[in-house]
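Peer 1: Pasting in a structure now, in structure tokens, and then I'll have a few things to ask.
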Amino acid sequence: MDYKAEFEKWLKAPALNEEGRRELESVKGDEKAVEYRFGAELEFGTAGMRGIIGYGTNMMNVYTVRRATQGLSEYIKTLGAAAMKRGVVISYDTRRKSDEFAKAAAGVLAANGIVAYLFADVHPVPMLSYAVRKLGTVAGIMITASHNPKEYNGYKVYGEDGAQMSPEATEVVVGYIEKITDYFSVKEAERSPLVKKVPASVDKSYYKKLTKLTLSPDAVKKVGKTLKLVYTPVHGSGYVPVTTILKKLKINVTVVPEQVKKDTEFSTVEVPNPEFKETLSMGIALAQKIDADVVFGTDPDSDRLGVAVKDDKGEFVALSGNQVGILLLNYILTRLKEDGKLPANGVVVKSFVTTGMAKAICDDFGVELVDVPVGFKFIGEKIKEYEADHSHTFIFGFEESCGYLRGTEGSRDKDAVVASMLCAEMVCYYTSKKQSVYGILADIYARYGYVLDRNISIKYSGLDAMKEMNAVVDSLKTKKAEKFDIYNVVAVRDYSSSVRRLADGSEEALNIPKTNAVYYELENGSFICVRPSGTEPKLKIYYSVRAKDEASAEKAFEKMKTAFEAFLK
């Protein structure tokens, strides 16, 4: 791509808005900035597209949004008039330009004769996912960059089942997008009757569906009103739905007042990612002040939930996504078993980089555990598969990155609203039994063995970031690995070729969708996995270490990490 020529083309385009013209004029002469903006086109993958907000072919702006929506429109038109009439539902979060991008998408759909349902205000991912099925639309669009820094925004597409669009359909959409070479040729319809408001009844129905997923109404009734729960939406779209569902269950909630405001700059946090304890710091400070029991935090599009609880010394500790996942898994299976409602064909689905502790818990309860690639869309695809063939009853799905989904009543993507509800009632359940969540976590480790899960991210930058990250992963596929310090390598999984190579040289096929990742199975159930992030320029390394206790696991992790980093060089 001739980035200089493309830059000049944009700068001279009569259709370029004044904001864009001023911004591009400001970088004129800055070779590096121009190359970054125009040296590539913003990639549209199975997770949609995500990028830094700004003008250029490699940035998130109204023109790249229109182009992507035109590609989606061309795909929908091939499905026929009925699909066009069913339409597309669109939502957005509190990020910079989210509402502008959402309206632009609606305008492009309408210009193509496709009905567009647009939420009147910010709504999170799970409510968009639910609205797709409730309204019977053929697709959904969510404008969000999830937990990324404030400079980013993104565009996610959902299929008619409410899960993220399948890789097969995405490939077709991408084909149509790539045919559009003139970014300024895509037009929006103005004040079209095809652009409709999402009925308020959709919200009401969503909350009603979620209440059907409660597991401990008696415990909630007993202690819900006296429970001290602090919640922060971190300036995102979770404020209304999370507080609404907790109030419907009559669970007492105190909100961090400074973080309720829809702040596009997320000015009270460094990054709006509830995986980090720092993001929950204001919630923890308030919890300490009022002597609260638990702290919740959600990201801008409210599909991720971060949790902090008191340890045995009364100090708040932020739980990892893996820890919250195994707590919820253990709680859900325990309550279903106690009530005699644990399905004989029940199944739990998780990403393959999520904690190995899940298998021990599922085995104990006699529930099947299925691994899928990273990305909640793969969990959504499993739900769709099970509904079609009736082979399994989906119970719970989760990822180590703070994403959780219980049942199929609400969303088909990770849902921090239902996760908040379940975590809150879980706290009520254990409180009613005079137990602490932290104590239950310790009991789980005592019962199944201690597992330490740690993630390391290596940041990349520039136009070749994705290429460089993939090259690192590719180099590992032919590099022999026998041990990492104290742990022997039992097998190596190459997920890009769906092959598991054992230490003796034999091979087995992996029945799982292909993705670029290398996974080292270590003795005693520990593992190391390396993969490039699909949503941000980071190479991700996952360590899962089994040991007799936390201290032993920490020591083993340091040795394993040092050995693996040397192996990477």
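Chain labels run A, B, ... following the order of the structure tokens; each chain numbers its residues from 1, and ligands are numbered from 1 in the order shown.
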Going by DSSP on the backbone, which residues of range 167-335 of chain A come out as helix (DSSP H, G or I)? List them as a PyMOL selection string.
Peer 2: chain A and resi 167-178+200-211+217-223+239-248+257-259+277-290+321-335
Peer 1: Name the residues in contact with Leu342 in chain A at a cut-off of 9 Å, using only C-alpha atoms, excluding same-chain residues fewer than 6 positions from it; report them as a count of residues only.
Peer 2: 7
Peer 1: Pick from A:Val347, A:Val108, A:Leu213, A:Met59: nearest to Ile245 in chain A, with only C-alpha atoms counted?
Peer 2: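 Of A:Val347, A:Val108, A:Leu213, A:Met59, the one nearest Ile245 in chain A, counting only C-alpha atoms, is A:Leu213.
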Peer 1: Show me, as a VMD selection string, the residues that have an atom within 10 Å of range 148-151 of chain A when counting only C-alpha atoms, minus same-chain residues fewer than 3 positions from it.
Peer 2: chain A and resid 50 to 54 60 95 to 96 144 to 145 154 263 to 267 269 to 273 299 to 300 535 to 536
Peer 1: Any idea what's packed within 6 Å of Asn322 in chain A, counting only C-alpha atoms, ignoring anything in its chain fewer than 2 positions away? Could you give it as a list of chain:residue names?
Peer 2: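 The residues that qualify are A:Ser320, A:Val324, A:Gly325, A:Thr355, A:Glu400.
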Peer 1: Kindly export the residues of the current selection with C-alpha atoms, as a PDB file, in the first residue's frame.
Peer 2:
```pdb
ATOM      1  CA  SER A 320      -7.646 -13.139  39.272  1.00  0.00           C
ATOM      2  CA  VAL A 324     -13.303 -15.872  40.179  1.00  0.00           C
ATOM      3  CA  GLY A 325     -13.960 -18.482  37.497  1.00  0.00           C
ATOM      4  CA  THR A 355      -6.777 -22.568  34.650  1.00  0.00           C
ATOM      5  CA  GLU A 400      -9.206 -16.264  32.444  1.00  0.00           C
TER       6      GLU A 400
END
```
Peer 1: From a DSSP calculation on the backbone, collect every residue of range 375-464 of chain A in strand (DSSP E) and output the set as a list in words.
Peer 2: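 Restricting range 375-464 of chain A to strand (DSSP E) produces Thr393, Phe394, Ile395, Phe396, Gly397, Phe398, Glu399, Gly403, Tyr404, Leu405, Arg406, Tyr450, Val451, Leu452, Asp453, Arg454, Asn455, Ile456, Ser457, Ile458 and Lys459 of chain A.
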Peer 1: If you take only C-alpha atoms and a cut-off of 12 Å, which residues of range 375-473 of chain A touch range 221-239 of chain A, and what are their nearest atom pairs and distances in Å to one decimal, in chain and number order, as a tab-separated table?
Peer 2:
```
residue	atom	partner	partner_atom	distance
A:Asp415	CA	A:Gly238	CA	10.2
A:Ala416	CA	A:Gly238	CA	7.9
A:Val417	CA	A:Gly238	CA	7.2
A:Val418	CA	A:Gly238	CA	11.0
A:Ala419	CA	A:Gly238	CA	11.6
A:Ser420	CA	A:Tyr231	CA	9.3
A:Met421	CA	A:Leu229	CA	11.4
A:Cys423	CA	A:Leu229	CA	10.5
A:Ala424	CA	A:Leu229	CA	7.8
A:Glu425	CA	A:Gly224	CA	7.8
A:Met426	CA	A:Gly224	CA	10.6
A:Val427	CA	A:Leu227	CA	8.5
A:Cys428	CA	A:Val223	CA	5.9
A:Tyr429	CA	A:Val223	CA	8.4
A:Tyr430	CA	A:Val223	CA	10.0
A:Thr431	CA	A:Val223	CA	7.4
A:Ser432	CA	A:Val223	CA	6.6
A:Lys433	CA	A:Val223	CA	10.3
A:Lys434	CA	A:Val223	CA	10.8
```
Peer 1: Determine, counting only C-alpha atoms, which protein, DNA and RNA residues have an atom within 10 Å of an atom of Glu188 in chain A; residues of the same chain fewer than 5 positions away are not included. Present the result as a list in words.
Peer 2: Arg66, Gln70, Lys103, Ala104, Ala105, Ala106, Gly107, Val108, Leu109, Ala110, Ala111 and Asn112 of chain A
Peer 1: Just the selected residues (all heavy atoms), exported as an mmCIF file, in the first residue's frame, please.
Peer 2:
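selection.cif written:
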```
data_model
loop_
_atom_site.group_PDB
_atom_site.id
_atom_site.type_symbol
_atom_site.label_atom_id
_atom_site.label_comp_id
_atom_site.auth_asym_id
_atom_site.auth_seq_id
_atom_site.Cartn_x
_atom_site.Cartn_y
_atom_site.Cartn_z
ATOM 1 N N ARG A 66 -17.967 3.183 8.401
ATOM 2 C CA ARG A 66 -18.908 3.103 7.275
ATOM 3 C C ARG A 66 -18.516 1.979 6.320
ATOM 4 O O ARG A 66 -19.365 1.227 5.833
ATOM 5 C CB ARG A 66 -18.924 4.433 6.523
ATOM 6 C CG ARG A 66 -19.662 5.557 7.231
ATOM 7 C CD ARG A 66 -19.487 6.852 6.443
ATOM 8 N NE ARG A 66 -20.140 7.982 7.089
ATOM 9 C CZ ARG A 66 -19.887 9.248 6.795
ATOM 10 N NH1 ARG A 66 -18.979 9.544 5.861
ATOM 11 N NH2 ARG A 66 -20.527 10.229 7.412
ATOM 12 N N GLN A 70 -20.723 -1.178 5.336
ATOM 13 C CA GLN A 70 -21.128 -1.450 3.960
ATOM 14 C C GLN A 70 -20.822 -2.899 3.591
ATOM 15 O O GLN A 70 -21.631 -3.559 2.927
ATOM 16 C CB GLN A 70 -20.403 -0.511 2.990
ATOM 17 C CG GLN A 70 -20.850 -0.642 1.541
ATOM 18 C CD GLN A 70 -22.318 -0.306 1.347
ATOM 19 O OE1 GLN A 70 -22.824 0.642 1.932
ATOM 20 N NE2 GLN A 70 -23.015 -1.092 0.530
ATOM 21 N N LYS A 103 -24.296 5.644 15.222
ATOM 22 C CA LYS A 103 -25.248 6.315 14.326
ATOM 23 C C LYS A 103 -24.814 6.191 12.873
ATOM 24 O O LYS A 103 -25.654 6.044 11.974
ATOM 25 C CB LYS A 103 -25.375 7.781 14.731
ATOM 26 C CG LYS A 103 -26.111 7.978 16.048
ATOM 27 C CD LYS A 103 -26.050 9.421 16.519
ATOM 28 C CE LYS A 103 -26.706 9.575 17.897
ATOM 29 N NZ LYS A 103 -26.532 10.938 18.446
ATOM 30 N N ALA A 104 -23.499 6.248 12.639
ATOM 31 C CA ALA A 104 -22.990 6.091 11.270
ATOM 32 C C ALA A 104 -23.313 4.703 10.733
ATOM 33 O O ALA A 104 -23.734 4.552 9.577
ATOM 34 C CB ALA A 104 -21.482 6.329 11.240
ATOM 35 N N ALA A 105 -23.139 3.691 11.565
ATOM 36 C CA ALA A 105 -23.449 2.321 11.156
ATOM 37 C C ALA A 105 -24.933 2.187 10.825
ATOM 38 O O ALA A 105 -25.312 1.561 9.816
ATOM 39 C CB ALA A 105 -23.057 1.343 12.258
ATOM 40 N N ALA A 106 -25.788 2.794 11.652
ATOM 41 C CA ALA A 106 -27.233 2.736 11.406
ATOM 42 C C ALA A 106 -27.576 3.417 10.086
ATOM 43 O O ALA A 106 -28.403 2.915 9.299
ATOM 44 C CB ALA A 106 -27.983 3.399 12.557
ATOM 45 N N GLY A 107 -26.928 4.553 9.809
ATOM 46 C CA GLY A 107 -27.187 5.284 8.579
ATOM 47 C C GLY A 107 -26.784 4.514 7.339
ATOM 48 O O GLY A 107 -27.482 4.538 6.320
ATOM 49 N N VAL A 108 -25.666 3.811 7.406
ATOM 50 C CA VAL A 108 -25.206 3.015 6.263
ATOM 51 C C VAL A 108 -26.153 1.839 6.013
ATOM 52 O O VAL A 108 -26.519 1.549 4.868
ATOM 53 C CB VAL A 108 -23.766 2.511 6.482
ATOM 54 C CG1 VAL A 108 -23.369 1.503 5.393
ATOM 55 C CG2 VAL A 108 -22.792 3.675 6.494
ATOM 56 N N LEU A 109 -26.557 1.176 7.072
ATOM 57 C CA LEU A 109 -27.512 0.063 6.923
ATOM 58 C C LEU A 109 -28.793 0.551 6.262
ATOM 59 O O LEU A 109 -29.312 -0.072 5.327
ATOM 60 C CB LEU A 109 -27.815 -0.558 8.291
ATOM 61 C CG LEU A 109 -26.686 -1.366 8.938
ATOM 62 C CD1 LEU A 109 -26.980 -1.606 10.411
ATOM 63 C CD2 LEU A 109 -26.488 -2.707 8.220
ATOM 64 N N ALA A 110 -29.316 1.682 6.750
ATOM 65 C CA ALA A 110 -30.554 2.229 6.202
ATOM 66 C C ALA A 110 -30.395 2.606 4.734
ATOM 67 O O ALA A 110 -31.307 2.399 3.918
ATOM 68 C CB ALA A 110 -30.988 3.441 7.014
ATOM 69 N N ALA A 111 -29.228 3.133 4.378
ATOM 70 C CA ALA A 111 -28.966 3.505 2.987
ATOM 71 C C ALA A 111 -28.982 2.281 2.074
ATOM 72 O O ALA A 111 -29.207 2.398 0.862
ATOM 73 C CB ALA A 111 -27.621 4.222 2.873
ATOM 74 N N ASN A 112 -28.766 1.121 2.654
ATOM 75 C CA ASN A 112 -28.787 -0.141 1.904
ATOM 76 C C ASN A 112 -30.127 -0.858 2.009
ATOM 77 O O ASN A 112 -30.260 -2.013 1.599
ATOM 78 C CB ASN A 112 -27.673 -1.061 2.398
ATOM 79 C CG ASN A 112 -26.308 -0.667 1.872
ATOM 80 O OD1 ASN A 112 -25.915 -1.078 0.786
ATOM 81 N ND2 ASN A 112 -25.587 0.157 2.623
#
```
Peer 1: Would you mind telling me which residue in A:Thr515, A:Asn58, A:Ser26, A:Thr170 lies nearest to Gly39 in chain A when using only C-alpha atoms?
Peer 2: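 Among A:Thr515, A:Asn58, A:Ser26, A:Thr170, it is A:Asn58 that comes nearest to Gly39 in chain A.
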Peer 1: Give me the residues near Glu554 in chain A as a PyMOL selection string, where near means some atom within 12 Å (using only C-alpha atoms) and where sequence neighbours in that chain fewer than 6 positions away do not count.
Peer 2: chain A and resi 450-454+543-548+560-561
Peer 1: What would the file look like if the residues just selected were written as a CSV table (one decimal), in the first residue's frame with N, CA, C and O atoms?
Peer 2:
```csv
chain,number,residue,atom,x,y,z
A,450,TYR,N,-3.1,-26.9,44.8
A,450,TYR,CA,-2.9,-25.5,44.5
A,450,TYR,C,-2.5,-25.3,43.1
A,450,TYR,O,-1.6,-26.1,42.5
A,451,VAL,N,-3.1,-24.3,42.4
A,451,VAL,CA,-2.7,-24.0,41.0
A,451,VAL,C,-2.4,-22.5,41.0
A,451,VAL,O,-3.3,-21.7,41.4
A,452,LEU,N,-1.3,-22.1,40.5
A,452,LEU,CA,-0.9,-20.6,40.4
A,452,LEU,C,-1.0,-20.3,38.9
A,452,LEU,O,-0.3,-21.0,38.1
A,453,ASP,N,-1.9,-19.4,38.5
A,453,ASP,CA,-2.0,-19.0,37.1
A,453,ASP,C,-1.5,-17.5,37.0
A,453,ASP,O,-2.0,-16.6,37.6
A,454,ARG,N,-0.6,-17.3,36.1
A,454,ARG,CA,0.0,-16.0,35.8
A,454,ARG,C,0.0,-15.7,34.3
A,454,ARG,O,0.4,-16.6,33.5
A,543,TYR,N,1.1,-19.0,32.2
A,543,TYR,CA,1.7,-20.0,33.0
A,543,TYR,C,0.7,-20.5,34.0
A,543,TYR,O,0.0,-19.8,34.6
A,544,SER,N,0.6,-21.8,34.1
A,544,SER,CA,-0.3,-22.5,35.0
A,544,SER,C,0.6,-23.5,35.8
A,544,SER,O,1.1,-24.5,35.2
A,545,VAL,N,0.8,-23.3,37.1
A,545,VAL,CA,1.7,-24.1,37.9
A,545,VAL,C,1.0,-24.8,39.0
A,545,VAL,O,0.4,-24.2,39.9
A,546,ARG,N,1.1,-26.1,39.0
A,546,ARG,CA,0.5,-26.9,40.0
A,546,ARG,C,1.6,-27.2,41.1
A,546,ARG,O,2.7,-27.6,40.7
A,547,ALA,N,1.2,-27.1,42.4
A,547,ALA,CA,2.2,-27.4,43.4
A,547,ALA,C,1.4,-27.7,44.7
A,547,ALA,O,0.2,-27.5,44.8
A,548,LYS,N,2.1,-28.0,45.8
A,548,LYS,CA,1.4,-28.4,47.0
A,548,LYS,C,0.8,-27.2,47.7
A,548,LYS,O,-0.2,-27.4,48.5
A,560,MET,N,10.3,-21.6,36.3
A,560,MET,CA,9.7,-21.9,35.0
A,560,MET,C,9.8,-20.7,34.1
A,560,MET,O,10.2,-20.8,32.9
A,561,LYS,N,9.5,-19.5,34.6
A,561,LYS,CA,9.5,-18.3,33.9
A,561,LYS,C,10.9,-17.9,33.4
A,561,LYS,O,11.0,-17.6,32.2
```
Peer 1: Mind pulling up the distance from CA of Leu210 in chain A to CA of Leu246 in chain A?
Peer 2: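 Those two atoms sit 10.7 Å apart.
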Peer 1: Using only C-alpha atoms, which of A:Thr354, A:Glu381, A:Ile290, A:Asp339 sits nearest Leu369 in chain A?
Peer 2: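 Nearest candidate to Leu369 in chain A out of A:Thr354, A:Glu381, A:Ile290, A:Asp339: A:Thr354.
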Peer 1: Determine, using only C-alpha atoms, which residues of range 362-442 of chain A have any atom at most 12 Å from an atom of range 114-128 of chain A, and tabulate each with its shortest atom pair and distance in Å to one decimal place, rows ordered by chain and then rising number, as CSV.
Peer 2:
```
residue,atom,partner,partner_atom,distance
A:Phe376,CA,A:Pro126,CA,11.9
A:Gly403,CA,A:Pro126,CA,11.1
A:Tyr404,CA,A:Pro126,CA,10.8
A:Leu405,CA,A:Pro126,CA,9.6
A:Arg406,CA,A:Pro126,CA,11.8
A:Thr408,CA,A:Pro126,CA,11.4
A:Glu409,CA,A:Pro126,CA,11.0
A:Gly410,CA,A:Pro126,CA,7.3
A:Ser411,CA,A:Pro126,CA,4.9
A:Arg412,CA,A:Pro126,CA,7.3
A:Asp413,CA,A:Pro126,CA,6.2
A:Lys414,CA,A:Pro126,CA,6.8
A:Asp415,CA,A:Pro126,CA,5.2
A:Ala416,CA,A:Pro126,CA,7.7
A:Val417,CA,A:Pro126,CA,7.5
A:Val418,CA,A:Pro126,CA,8.8
A:Ala419,CA,A:Pro126,CA,10.7
```
Peer 1: Just N, CA, C and O atoms for this one: save the residues we selected as a tab-separated table (two decimals), in the first residue's frame.
Peer 2:
```tsv
chain	number	residue	atom	x	y	z
A	376	PHE	N	-14.48	-15.53	23.30
A	376	PHE	CA	-15.75	-16.05	23.79
A	376	PHE	C	-16.67	-16.50	22.65
A	376	PHE	O	-17.63	-17.23	22.87
A	403	GLY	N	-14.02	-13.12	31.98
A	403	GLY	CA	-15.26	-13.27	31.23
A	403	GLY	C	-16.02	-14.51	31.66
A	403	GLY	O	-15.45	-15.61	31.69
A	404	TYR	N	-17.33	-14.33	31.98
A	404	TYR	CA	-18.14	-15.44	32.52
A	404	TYR	C	-19.54	-15.42	31.91
A	404	TYR	O	-20.09	-14.36	31.62
A	405	LEU	N	-20.12	-16.60	31.75
A	405	LEU	CA	-21.50	-16.70	31.27
A	405	LEU	C	-22.17	-17.92	31.89
A	405	LEU	O	-21.65	-19.03	31.80
A	406	ARG	N	-23.30	-17.69	32.51
A	406	ARG	CA	-24.09	-18.78	33.10
A	406	ARG	C	-25.36	-18.95	32.28
A	406	ARG	O	-26.09	-17.99	32.04
A	408	THR	N	-28.14	-19.92	29.19
A	408	THR	CA	-28.37	-19.36	27.85
A	408	THR	C	-29.58	-18.44	27.83
A	408	THR	O	-30.09	-18.10	26.77
A	409	GLU	N	-30.05	-18.03	28.99
A	409	GLU	CA	-31.24	-17.18	29.06
A	409	GLU	C	-30.96	-15.77	28.54
A	409	GLU	O	-31.80	-15.13	27.92
A	410	GLY	N	-29.77	-15.24	28.86
A	410	GLY	CA	-29.48	-13.86	28.51
A	410	GLY	C	-28.57	-13.74	27.31
A	410	GLY	O	-28.97	-13.90	26.17
A	411	SER	N	-27.30	-13.47	27.57
A	411	SER	CA	-26.32	-13.21	26.52
A	411	SER	C	-25.75	-14.50	25.94
A	411	SER	O	-25.90	-15.58	26.51
A	412	ARG	N	-25.08	-14.35	24.79
A	412	ARG	CA	-24.29	-15.44	24.21
A	412	ARG	C	-22.82	-15.02	24.13
A	412	ARG	O	-22.04	-15.59	23.38
A	413	ASP	N	-22.51	-13.98	24.88
A	413	ASP	CA	-21.13	-13.51	25.01
A	413	ASP	C	-20.87	-13.37	26.49
A	413	ASP	O	-21.79	-13.51	27.32
A	414	LYS	N	-19.63	-13.10	26.87
A	414	LYS	CA	-19.35	-12.94	28.29
A	414	LYS	C	-20.21	-11.80	28.84
A	414	LYS	O	-20.40	-10.79	28.19
A	415	ASP	N	-20.69	-11.99	30.07
A	415	ASP	CA	-21.72	-11.12	30.62
A	415	ASP	C	-21.40	-10.74	32.06
A	415	ASP	O	-21.56	-11.54	32.98
A	416	ALA	N	-20.92	-9.50	32.24
A	416	ALA	CA	-20.56	-9.04	33.59
A	416	ALA	C	-21.79	-8.70	34.41
A	416	ALA	O	-21.70	-8.55	35.63
A	417	VAL	N	-22.94	-8.57	33.77
A	417	VAL	CA	-24.17	-8.29	34.52
A	417	VAL	C	-24.63	-9.56	35.23
A	417	VAL	O	-24.87	-9.56	36.45
A	418	VAL	N	-24.73	-10.67	34.50
A	418	VAL	CA	-25.12	-11.93	35.14
A	418	VAL	C	-24.02	-12.40	36.09
A	418	VAL	O	-24.31	-12.98	37.15
A	419	ALA	N	-22.75	-12.12	35.74
A	419	ALA	CA	-21.65	-12.52	36.62
A	419	ALA	C	-21.72	-11.74	37.94
A	419	ALA	O	-21.45	-12.29	39.01
```
Peer 1: Out of A:Val294, A:Ala318, A:Val198, A:Ile251, which residue has the shortest atom-to-atom distance to Glu275 in chain A when counting only C-alpha atoms?
Peer 2: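 Smallest distance to Glu275 in chain A is found for A:Ala318.
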Peer 1: If we count only C-alpha atoms, what is near Glu508 in chain A at a cut-off of 12 Å, once residues fewer than 2 positions away on the same chain are taken out, given as JSON, numbers by chain?
Peer 2: {"A": [491, 492, 493, 494, 495, 497, 498, 499, 500, 501, 502, 503, 504, 505, 506, 510, 511]}
Peer 1: One decimal, Å: what's the distance from CA of Pro343 in chain A over to CA of Ala163 in chain A, could you say?
Peer 2: 23.3 Å
Peer 1: Which distance in Å separates CA of Leu568 in chain A and CA of Ala517 in chain A, to one decimal?
Peer 2: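 Spanning CA of Leu568 in chain A to CA of Ala517 in chain A is a straight-line distance of 14.1 Å.
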